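Comments concern the structure below.
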Amino acid sequence: MEERYYYLDSDRTSPKGPHTLQELSDMMLRGELSPATEIAREGDKSWLPLGKQLMESSVLSSPAPIQAPADNLPPVPGMVTAPAKPELPPGSCPNCGEELRCEGNELPLRCPKCRFYLRPAKDTLWQNMLLALRRSFTLKGRSARKEFWSTWLLYLLVSIPLALAISVLWVISIVIVLQEQESGNYDIAACLTDPTMIVAWVALGIYALMLLYFTILFICLTVRRMHDLGGSGWWVGLYVLVNVIWQSFYYYDIYTYLADINWKLLLAIEDSASLDARLHEIETQCNMIMYQGVNGVLYLLSTIMGLALFVITLIDSQRGANVYGPSSKYPKG
């Protein structure tokens, strides 16, 4: 009579069986049992691993026909497994749609078809700054967190020294004008054509152009940062729109308020204390206009949206490709 065996289930409390060794072998090959499942011959008291018992017997030399194990089950040791599937591409170029392939574990530097920059040459602050500058006016693709904050660092390194230099130039220009006025040789045309004043105006123009450039760059960069998280760039557009509307209302109200002031009577006040008090009152009212009525609502909405966008830019990149292109940081997911 053929020997019969029991096996211990995962709870290791209630023996299952009895089964023949051939039946246990078939169950193992189907993935229902593992080689480490403990079995015992009927009547015995010792439990042995199923795999060891099968190796000591001749059952494995003639296994019964079985079905292929399910995909979600672990492969059985000793079985021939199917070759691994080839790696899927990390996505398509966001500019031209060309299918991309990873070089090792990172994207190619540029799209092989349209030469669109996909990632920095090296993951350094400087290379991320260069990547943002190369894609200054494009809304396509994705920008990782390091690219975003590296560009902010570049902006601070450029704007702060330039702002200080312009301030010094304007202080020098004003001093020159005051000295000319005190000496009695005050000539507005001569002051405006003074070399220091000309340099100050040129520097101010350069600074204004730089601010315009960085404003456009940061709008595009923030849109790509939203793309990197799987979000829509229209949220950035909505934030810009709210700011434009708010500032339009604000400066219109400021202009209306200042236009109603009788400046001739105001400047005719000879008492310096009264004049300073009146000017301070005007300054306070101009500051309060920001928080009143529609201006206050739009200002609050703009502040909330700005804080939300700030928090979003701190989140790490979404892994793998999304509808906006591949991730430069996690191209394979």
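Note on naming: chains are A, B, ... as they come in the structure tokens, residues start from 1 per chain, ligands start from 1 in the order shown.
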
List the neighbours of A:Tyr299 out to 9 Å using only C-alpha atoms; skip same-chain residues closer than 3 positions along the sequence, and give me the result as a PyMOL selection string. chain A and resi 242-243+246-247+290-291+294-296+302-304

Please provide the set of residues having any atom within 8 Å of stretch 326-331 of chain A, restricted to only C-alpha atoms, with same-chain residues fewer than 4 positions apart removed, written as a VMD selection string. chain A and resid 90 to 94 102 105 to 107 118 to 119 141 to 144 228 317 to 322

Using only all heavy atoms, please write the residues we just selected to a file, as a compact mmCIF listing (two decimals), in the first residue's frame.
```txt
# COMPACT_ATOMS: atom_id res chain seq x y z
N PRO A 90 10.84 54.78 -20.68
CA PRO A 90 10.42 55.68 -19.61
C PRO A 90 9.39 56.71 -20.06
O PRO A 90 8.91 57.49 -19.25
CB PRO A 90 11.73 56.37 -19.22
CG PRO A 90 12.55 56.35 -20.47
CD PRO A 90 12.20 55.06 -21.15
N GLY A 91 9.04 56.77 -21.32
CA GLY A 91 8.06 57.74 -21.78
C GLY A 91 8.45 58.34 -23.12
O GLY A 91 9.39 57.88 -23.78
N SER A 92 7.74 59.36 -23.52
CA SER A 92 7.99 60.02 -24.79
C SER A 92 8.44 61.45 -24.56
O SER A 92 8.16 62.05 -23.52
CB SER A 92 6.72 60.00 -25.66
OG SER A 92 6.28 58.67 -25.86
N CYS A 93 9.13 61.99 -25.54
CA CYS A 93 9.59 63.37 -25.46
C CYS A 93 8.38 64.29 -25.37
O CYS A 93 7.47 64.21 -26.20
CB CYS A 93 10.44 63.71 -26.68
SG CYS A 93 10.88 65.45 -26.79
N PRO A 94 8.33 65.20 -24.39
CA PRO A 94 7.17 66.09 -24.27
C PRO A 94 7.08 67.11 -25.40
O PRO A 94 6.04 67.73 -25.58
CB PRO A 94 7.40 66.78 -22.92
CG PRO A 94 8.86 66.71 -22.70
CD PRO A 94 9.31 65.42 -23.32
N CYS A 102 16.12 54.73 -21.70
CA CYS A 102 17.04 55.10 -20.64
C CYS A 102 18.47 54.70 -21.00
O CYS A 102 18.69 53.68 -21.66
CB CYS A 102 16.65 54.44 -19.33
SG CYS A 102 15.24 55.21 -18.52
N ASN A 105 20.30 54.16 -15.86
CA ASN A 105 19.13 54.47 -15.03
C ASN A 105 18.73 55.93 -15.15
O ASN A 105 18.13 56.49 -14.25
CB ASN A 105 19.42 54.14 -13.55
CG ASN A 105 18.16 54.12 -12.72
OD1 ASN A 105 17.09 53.76 -13.22
ND2 ASN A 105 18.27 54.51 -11.46
N GLU A 106 19.07 56.58 -16.27
CA GLU A 106 18.68 57.97 -16.45
C GLU A 106 18.33 58.25 -17.90
O GLU A 106 18.73 57.52 -18.82
CB GLU A 106 19.78 58.91 -15.96
CG GLU A 106 21.13 58.68 -16.57
CD GLU A 106 22.20 59.59 -15.98
OE1 GLU A 106 22.05 60.08 -14.84
OE2 GLU A 106 23.20 59.81 -16.68
N LEU A 107 17.58 59.30 -18.10
CA LEU A 107 17.15 59.69 -19.43
C LEU A 107 18.33 60.18 -20.25
O LEU A 107 19.35 60.60 -19.70
CB LEU A 107 16.12 60.83 -19.33
CG LEU A 107 14.75 60.51 -18.78
CD1 LEU A 107 13.99 61.81 -18.54
CD2 LEU A 107 13.98 59.64 -19.76
N LEU A 118 16.11 67.26 -21.68
CA LEU A 118 15.27 66.43 -20.82
C LEU A 118 15.73 66.40 -19.37
O LEU A 118 14.92 66.18 -18.47
CB LEU A 118 15.24 64.99 -21.35
CG LEU A 118 14.68 64.82 -22.76
CD1 LEU A 118 15.00 63.43 -23.30
CD2 LEU A 118 13.19 65.06 -22.77
N ARG A 119 17.00 66.63 -19.12
CA ARG A 119 17.54 66.56 -17.77
C ARG A 119 18.85 67.34 -17.72
O ARG A 119 19.43 67.66 -18.77
CB ARG A 119 17.79 65.11 -17.34
CG ARG A 119 18.84 64.39 -18.20
CD ARG A 119 19.23 63.05 -17.61
NE ARG A 119 20.19 62.35 -18.45
CZ ARG A 119 21.51 62.55 -18.40
NH1 ARG A 119 22.02 63.44 -17.55
NH2 ARG A 119 22.33 61.88 -19.19
N GLY A 141 6.99 69.62 -20.71
CA GLY A 141 7.89 68.79 -19.91
C GLY A 141 7.71 68.98 -18.42
O GLY A 141 6.73 69.56 -17.94
N ARG A 142 8.69 68.49 -17.69
CA ARG A 142 8.64 68.46 -16.23
C ARG A 142 9.94 69.02 -15.65
O ARG A 142 10.99 68.91 -16.28
CB ARG A 142 8.41 67.03 -15.74
CG ARG A 142 7.13 66.41 -16.22
CD ARG A 142 7.07 64.90 -16.03
NE ARG A 142 7.23 64.50 -14.65
CZ ARG A 142 7.11 63.25 -14.22
NH1 ARG A 142 6.81 62.29 -15.08
NH2 ARG A 142 7.28 62.95 -12.95
N SER A 143 9.85 69.61 -14.48
CA SER A 143 11.03 70.14 -13.78
C SER A 143 11.05 69.58 -12.36
O SER A 143 10.06 69.70 -11.63
CB SER A 143 11.01 71.67 -13.74
OG SER A 143 11.23 72.21 -15.02
N ALA A 144 12.17 68.98 -12.01
CA ALA A 144 12.30 68.39 -10.68
C ALA A 144 12.47 69.48 -9.62
O ALA A 144 12.72 70.65 -9.93
CB ALA A 144 13.49 67.43 -10.64
N ASP A 228 5.44 67.98 -13.08
CA ASP A 228 6.28 66.95 -12.48
C ASP A 228 5.54 66.20 -11.39
O ASP A 228 5.86 65.05 -11.07
CB ASP A 228 7.55 67.59 -11.90
CG ASP A 228 8.60 66.56 -11.55
OD1 ASP A 228 8.85 65.65 -12.38
OD2 ASP A 228 9.18 66.64 -10.46
N SER A 317 9.28 64.49 -6.87
CA SER A 317 8.77 64.19 -8.21
C SER A 317 7.90 62.94 -8.22
O SER A 317 8.12 61.99 -7.45
CB SER A 317 9.93 63.99 -9.19
OG SER A 317 10.76 65.12 -9.24
N GLN A 318 6.91 62.93 -9.11
CA GLN A 318 6.12 61.73 -9.36
C GLN A 318 6.99 60.74 -10.13
O GLN A 318 7.66 61.10 -11.09
CB GLN A 318 4.87 62.08 -10.17
CG GLN A 318 3.90 60.94 -10.34
CD GLN A 318 2.69 61.35 -11.18
OE1 GLN A 318 2.83 61.82 -12.29
NE2 GLN A 318 1.51 61.17 -10.62
N ARG A 319 6.98 59.49 -9.72
CA ARG A 319 7.86 58.50 -10.33
C ARG A 319 7.33 58.06 -11.70
O ARG A 319 6.13 57.94 -11.89
CB ARG A 319 8.01 57.28 -9.41
CG ARG A 319 8.76 57.61 -8.13
CD ARG A 319 8.82 56.43 -7.19
NE ARG A 319 9.59 56.74 -6.00
CZ ARG A 319 10.90 56.55 -5.88
NH1 ARG A 319 11.58 56.01 -6.89
NH2 ARG A 319 11.53 56.87 -4.78
N GLY A 320 8.26 57.80 -12.61
CA GLY A 320 7.90 57.31 -13.93
C GLY A 320 7.33 58.41 -14.81
O GLY A 320 7.37 59.59 -14.49
N ALA A 321 6.81 58.00 -15.95
CA ALA A 321 6.25 58.95 -16.91
C ALA A 321 4.79 59.24 -16.58
O ALA A 321 4.08 58.40 -16.04
CB ALA A 321 6.36 58.37 -18.32
N ASN A 322 4.37 60.45 -16.90
CA ASN A 322 2.96 60.80 -16.84
C ASN A 322 2.56 61.49 -18.15
O ASN A 322 3.32 61.45 -19.12
CB ASN A 322 2.65 61.67 -15.60
CG ASN A 322 3.42 62.98 -15.60
OD1 ASN A 322 3.85 63.47 -16.64
ND2 ASN A 322 3.58 63.56 -14.42
```

Find the residues around A:Gly43 up to 10 Å (only C-alpha atoms counted), leave out those fewer than 6 positions away in its own chain, and share them as a PDB file with N, CA and C atoms, in the first residue's frame.
```pdb
ATOM      1  N   ARG A   4       1.167   7.347   2.887  1.00  0.00           N
ATOM      2  CA  ARG A   4       0.361   8.564   2.854  1.00  0.00           C
ATOM      3  C   ARG A   4       0.958   9.558   3.849  1.00  0.00           C
ATOM      4  N   TYR A   5       0.786  10.866   3.510  1.00  0.00           N
ATOM      5  CA  TYR A   5       1.449  11.933   4.283  1.00  0.00           C
ATOM      6  C   TYR A   5       0.425  13.020   4.659  1.00  0.00           C
ATOM      7  N   TYR A   6       0.768  13.723   5.745  1.00  0.00           N
ATOM      8  CA  TYR A   6       0.037  14.918   6.165  1.00  0.00           C
ATOM      9  C   TYR A   6       0.992  16.126   6.059  1.00  0.00           C
TER      10      TYR A   6
END
```

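Here atom CA of A:Asp9 is placed at a distance of 7.7 Å from atom CA of A:Thr37.
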
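Here the question is which of A:Ile160, A:Met55, A:Leu221, A:Leu8 gets nearest to A:Glu38 using only C-alpha atoms, and that residue is A:Leu8.
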
Between A:Ile254, A:Pro108, A:Tyr207, A:Val311, single out the one closest to A:Thr284, counting only C-alpha atoms.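 Using only C-alpha atoms, A:Thr284 sits closest to A:Ile254.
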
Separating atom CA of A:Trp263 from atom CA of A:Ala208, to the nearest tenth of an Å, is a gap of 29.6 Å

Between A:Leu139, A:Leu178, A:Ile315, A:Ala121, single out the one closest to A:Arg224, counting only C-alpha atoms. A:Leu139
